[in-house]
Amino acid sequence: MGSEASELPRRPLNGDDEIGNFFLTLQWPFSYCNVHLRDKFTCFRPVPGDFKIHGLWPVYRNGFWPINCPARELEEQMLKNKKEDIAMEWQALEPRGGGRDYSNLKFWKHEWEKHGSCSKMEEPLSYFLKAIELKKKLKDLKFDENAGIKPGGTRFTPKKLIEIIEKNYKVKVNLRCNFNYADKTVPQLIEIRFCFNPKFDLSSCKPITADKCGCGGEEKEILLPDETSLLLEKTERDEKDEL
Ligand code: AMP
């Protein structure tokens with residue numbers, strides 16, 4: 001889907017593989033779940049109403065986005081008694097071939113193998129706890145509702161949101177948008193990507209171009225959907241069930 005980590009070059013530009021920064025990618029669950037009609041609604045209920053972690057992704061100084069580095073395989077027991085803490089902030093929103101616990105583990109394995117393996121952190125547990133710690137640094141990610149950034153139908157521009165976050169956190173973030181299954185006219189925010197330097201201090205992300213972020217441009221209107229954006233799917237499915 002549109003939120004995949006696909007927009008940065010994957011080939012080294014000059015062979016330098018030092019990590020330049022980490023993206024902590026936060027995901028807005030309703031925007032992940034309301035595009036997933038496919039054959040039927042797939043997310044676990046209830047869908048969380050706050051930002052959750054999608055991943056912690058290293059990027060090299062030369063701009064190369066490394067994936068699938070050689071590293072140890074994630075096994076459940078490596079997460080010790082931290083699984084619940086991790087799942088509070090970083091959870092599979094939809095089943096990945098099983099129930100919640102199985103799906104979480106599968107999602108974590110995917111993120112560890114693809115991105116964590118290149119983070120230069122040897123222990124998977126350290127990688128997951130680092131992501132949780134970084135998200136906690138951001139505290140409660142709330143926006144200024146007076147400025148119109150609130151879940152529901154209110155529209156705002158990417159520029160406005162980036163400015164508000166910059167006011168609160170003193171850094172620039174990247175945004176990503178996608179479309180609700182039922183409404184392809186107004187892009188919806190699906191991700192906020194915060195950048196951290198290799199010492200894990202919050203730092204500004206380089207801006208990404210409008211075509212890469214899916215939001216249509218800094219001055220275009222977007223929205224942050226709430227749970228009512230899932231209702232259409234439910235209605236359609238219920239109708240099918242009733243036939
Ligand atoms: P990535 O490869 O890190 O860009 O992650 C993309 C993959 O992770 C896709 O298969 C997505 O469907 C899946 N994914 C992303 N977020 C979630 C989530 N919250 N729950 C389950 N799967 C997810």
# chains A, B, ... in the order shown; residues from 1 in each chain; ligands from 1
>>> residues_near_ligand(ligand="ligand 1", cutoff="8 Å", atoms="only C-alpha atoms and all ligand atoms", output="mmCIF file with N, CA, C and O atoms, in the first residue's frame")
data_model
loop_
_atom_site.group_PDB
_atom_site.id
_atom_site.type_symbol
_atom_site.label_atom_id
_atom_site.label_comp_id
_atom_site.auth_asym_id
_atom_site.auth_seq_id
_atom_site.Cartn_x
_atom_site.Cartn_y
_atom_site.Cartn_z
ATOM 1 N N MET A 1 0.821 -1.190 0.000
ATOM 2 C CA MET A 1 0.000 0.000 0.000
ATOM 3 C C MET A 1 0.866 1.256 0.000
ATOM 4 O O MET A 1 2.070 1.179 0.088
ATOM 5 N N SER A 3 1.846 3.364 2.027
ATOM 6 C CA SER A 3 2.703 3.743 3.135
ATOM 7 C C SER A 3 4.016 2.970 3.143
ATOM 8 O O SER A 3 4.781 3.076 4.068
ATOM 9 N N GLU A 4 4.271 2.181 2.155
ATOM 10 C CA GLU A 4 5.487 1.385 2.195
ATOM 11 C C GLU A 4 6.727 2.243 2.020
ATOM 12 O O GLU A 4 6.711 3.275 1.382
ATOM 13 N N ALA A 5 7.818 1.749 2.615
ATOM 14 C CA ALA A 5 9.051 2.514 2.619
ATOM 15 C C ALA A 5 9.737 2.390 1.276
ATOM 16 O O ALA A 5 10.745 1.741 1.127
ATOM 17 N N SER A 6 9.164 3.013 0.265
ATOM 18 C CA SER A 6 9.673 2.750 -1.073
ATOM 19 C C SER A 6 10.238 3.984 -1.758
ATOM 20 O O SER A 6 10.728 3.892 -2.861
ATOM 21 N N GLN A 27 1.764 5.755 12.547
ATOM 22 C CA GLN A 27 0.672 5.437 11.631
ATOM 23 C C GLN A 27 -0.668 5.816 12.288
ATOM 24 O O GLN A 27 -0.853 5.565 13.480
ATOM 25 N N PRO A 29 -4.213 4.761 12.658
ATOM 26 C CA PRO A 29 -4.877 3.484 12.378
ATOM 27 C C PRO A 29 -6.109 3.559 11.467
ATOM 28 O O PRO A 29 -6.284 2.694 10.611
ATOM 29 N N TYR A 32 -5.118 3.479 7.941
ATOM 30 C CA TYR A 32 -4.627 2.171 7.502
ATOM 31 C C TYR A 32 -5.816 1.240 7.243
ATOM 32 O O TYR A 32 -5.831 0.499 6.260
ATOM 33 N N LYS A 52 0.065 4.953 16.225
ATOM 34 C CA LYS A 52 0.835 3.777 16.607
ATOM 35 C C LYS A 52 2.086 3.714 15.734
ATOM 36 O O LYS A 52 2.156 4.375 14.692
ATOM 37 N N ILE A 53 3.018 2.878 16.142
ATOM 38 C CA ILE A 53 4.272 2.780 15.389
ATOM 39 C C ILE A 53 4.099 1.852 14.189
ATOM 40 O O ILE A 53 3.506 0.785 14.310
ATOM 41 N N HIS A 54 4.582 2.300 13.061
ATOM 42 C CA HIS A 54 4.699 1.393 11.909
ATOM 43 C C HIS A 54 6.112 0.814 11.885
ATOM 44 O O HIS A 54 6.297 -0.368 11.677
ATOM 45 N N GLY A 55 7.087 1.668 12.098
ATOM 46 C CA GLY A 55 8.447 1.129 12.080
ATOM 47 C C GLY A 55 9.491 2.151 12.471
ATOM 48 O O GLY A 55 9.203 3.353 12.580
ATOM 49 N N TRP A 57 13.085 3.058 10.985
ATOM 50 C CA TRP A 57 13.795 2.721 9.750
ATOM 51 C C TRP A 57 15.098 3.513 9.623
ATOM 52 O O TRP A 57 15.078 4.750 9.555
ATOM 53 N N TRP A 90 2.963 -0.612 19.222
ATOM 54 C CA TRP A 90 3.395 -1.113 17.908
ATOM 55 C C TRP A 90 2.681 -2.435 17.691
ATOM 56 O O TRP A 90 3.124 -3.475 18.164
ATOM 57 N N GLN A 91 1.555 -2.356 17.016
ATOM 58 C CA GLN A 91 0.724 -3.558 16.919
ATOM 59 C C GLN A 91 0.259 -3.798 15.496
ATOM 60 O O GLN A 91 0.127 -2.867 14.710
ATOM 61 N N ALA A 92 0.031 -5.065 15.202
ATOM 62 C CA ALA A 92 -0.571 -5.406 13.909
ATOM 63 C C ALA A 92 -2.031 -4.982 13.960
ATOM 64 O O ALA A 92 -2.765 -5.405 14.852
ATOM 65 N N LEU A 93 -2.426 -4.141 13.045
ATOM 66 C CA LEU A 93 -3.818 -3.686 13.038
ATOM 67 C C LEU A 93 -4.718 -4.691 12.348
ATOM 68 O O LEU A 93 -5.907 -4.740 12.588
ATOM 69 N N GLU A 94 -4.124 -5.465 11.442
ATOM 70 C CA GLU A 94 -4.945 -6.473 10.766
ATOM 71 C C GLU A 94 -4.257 -7.822 10.897
ATOM 72 O O GLU A 94 -3.038 -7.895 11.061
ATOM 73 N N PRO A 95 -5.045 -8.886 10.826
ATOM 74 C CA PRO A 95 -4.441 -10.208 10.982
ATOM 75 C C PRO A 95 -3.420 -10.486 9.891
ATOM 76 O O PRO A 95 -3.621 -10.098 8.743
ATOM 77 N N ARG A 96 -2.355 -11.086 10.289
ATOM 78 C CA ARG A 96 -1.360 -11.516 9.297
ATOM 79 C C ARG A 96 -1.306 -13.037 9.327
ATOM 80 O O ARG A 96 -0.281 -13.628 9.591
ATOM 81 N N SER A 103 -0.208 -12.283 14.900
ATOM 82 C CA SER A 103 -0.063 -11.212 13.899
ATOM 83 C C SER A 103 0.954 -10.179 14.343
ATOM 84 O O SER A 103 1.731 -9.672 13.528
ATOM 85 N N ASN A 104 0.939 -9.851 15.636
ATOM 86 C CA ASN A 104 1.952 -8.915 16.139
ATOM 87 C C ASN A 104 3.344 -9.459 15.860
ATOM 88 O O ASN A 104 4.199 -8.763 15.311
ATOM 89 N N PHE A 107 4.237 -9.236 12.217
ATOM 90 C CA PHE A 107 4.508 -7.848 11.821
ATOM 91 C C PHE A 107 5.883 -7.426 12.355
ATOM 92 O O PHE A 107 6.695 -6.842 11.637
ATOM 93 N N HIS A 110 8.628 -8.965 10.389
ATOM 94 C CA HIS A 110 8.789 -8.276 9.107
ATOM 95 C C HIS A 110 9.606 -6.993 9.295
ATOM 96 O O HIS A 110 10.553 -6.733 8.544
ATOM 97 N N GLU A 111 9.223 -6.204 10.308
ATOM 98 C CA GLU A 111 9.913 -4.920 10.506
ATOM 99 C C GLU A 111 11.360 -5.136 10.938
ATOM 100 O O GLU A 111 12.254 -4.411 10.521
ATOM 101 N N LYS A 114 13.314 -6.514 7.811
ATOM 102 C CA LYS A 114 13.494 -5.549 6.730
ATOM 103 C C LYS A 114 14.298 -4.326 7.177
ATOM 104 O O LYS A 114 15.221 -3.905 6.487
ATOM 105 N N HIS A 115 13.965 -3.750 8.319
ATOM 106 C CA HIS A 115 14.577 -2.481 8.730
ATOM 107 C C HIS A 115 15.483 -2.622 9.954
ATOM 108 O O HIS A 115 16.594 -2.104 9.964
#
>>> closest_residue(among="A:Asn34, A:Thr25, A:Ser119, A:Asn174", to="A:Ser229", atoms="only C-alpha atoms")
A:Asn34
>>> select_by_dssp(residues="stretch 104-185 of chain A", states="helix (DSSP H, G or I)", output="PyMOL selection string")
chain A and resi 104-114+116-118+124-137+145-147+158-169
>>> residues_around(residues="A:Ala131", least_positions_apart="3", cutoff="12 Å", atoms="only C-alpha atoms", output="MDAnalysis selection string")
chainID A and resid 22:26 52:58 85:87 89:90 108 111:112 115:116 119 121 124:128 134:138 194:196 200
>>> write_last_selection(atoms="C-alpha atoms", output="compact mmCIF listing (two decimals), in the first residue's frame")
# COMPACT_ATOMS: atom_id res chain seq x y z
CA PHE A 22 16.31 6.97 11.73
CA PHE A 23 12.73 7.50 10.71
CA LEU A 24 10.23 6.76 13.42
CA THR A 25 7.13 6.23 11.36
CA LEU A 26 3.85 6.68 13.16
CA LYS A 52 0.83 3.78 16.61
CA ILE A 53 4.27 2.78 15.39
CA HIS A 54 4.70 1.39 11.91
CA GLY A 55 8.45 1.13 12.08
CA LEU A 56 11.87 2.48 12.97
CA TRP A 57 13.80 2.72 9.75
CA PRO A 58 17.50 3.52 9.37
CA ASP A 85 4.49 -3.17 26.32
CA ILE A 86 5.59 -3.31 22.70
CA ALA A 87 2.11 -4.20 21.49
CA GLU A 89 2.51 1.12 20.84
CA TRP A 90 3.40 -1.11 17.91
CA TRP A 108 7.45 -7.38 14.21
CA GLU A 111 9.91 -4.92 10.51
CA TRP A 112 12.95 -6.43 12.23
CA HIS A 115 14.58 -2.48 8.73
CA GLY A 116 15.75 -3.45 12.23
CA SER A 119 19.82 -0.58 12.42
CA MET A 121 21.36 -2.86 16.90
CA PRO A 124 15.85 -7.30 18.37
CA LEU A 125 14.56 -6.39 21.84
CA SER A 126 16.80 -3.29 21.94
CA TYR A 127 15.45 -2.25 18.56
CA PHE A 128 11.81 -2.54 19.63
CA LEU A 134 11.48 7.40 20.96
CA LYS A 135 7.71 7.48 20.65
CA LYS A 136 7.47 8.22 24.37
CA LYS A 137 9.80 11.19 23.84
CA LEU A 138 7.09 12.65 21.64
CA PHE A 194 9.86 11.86 12.76
CA CYS A 195 13.61 11.85 12.20
CA PHE A 196 16.22 11.06 14.84
CA PHE A 200 18.60 9.42 18.81
>>> closest_residue(among="A:Leu79, A:Ile222, A:Met88, A:Leu230", to="A:Lys184", atoms="only C-alpha atoms")
A:Ile222
>>> atom_distance(atom1="atom CA of A:Arg45", atom2="atom CA of A:Pro225")
16.2 Å
>>> closest_residue(among="A:Gly98, A:Pro151, A:Pro70, A:Pro187", to="A:Ser117", atoms="only C-alpha atoms")
A:Pro70
>>> closest_residue(among="A:Asp50, A:Asp211, A:Glu122, A:Glu221", to="A:Phe30", atoms="only C-alpha atoms")
A:Asp50
>>> atom_distance(atom1="atom CA of A:Ile164", atom2="atom CA of A:Gly63")
26.6 Å
>>> residues_around(residues="A:Gly153", least_positions_apart="4", cutoff="10 Å", atoms="only C-alpha atoms", output="list in words")
Gly148, Ile149, Gln188, Ile222, Leu223, Leu224, Pro225, Asp226, Thr228 and Ser229 of chain A
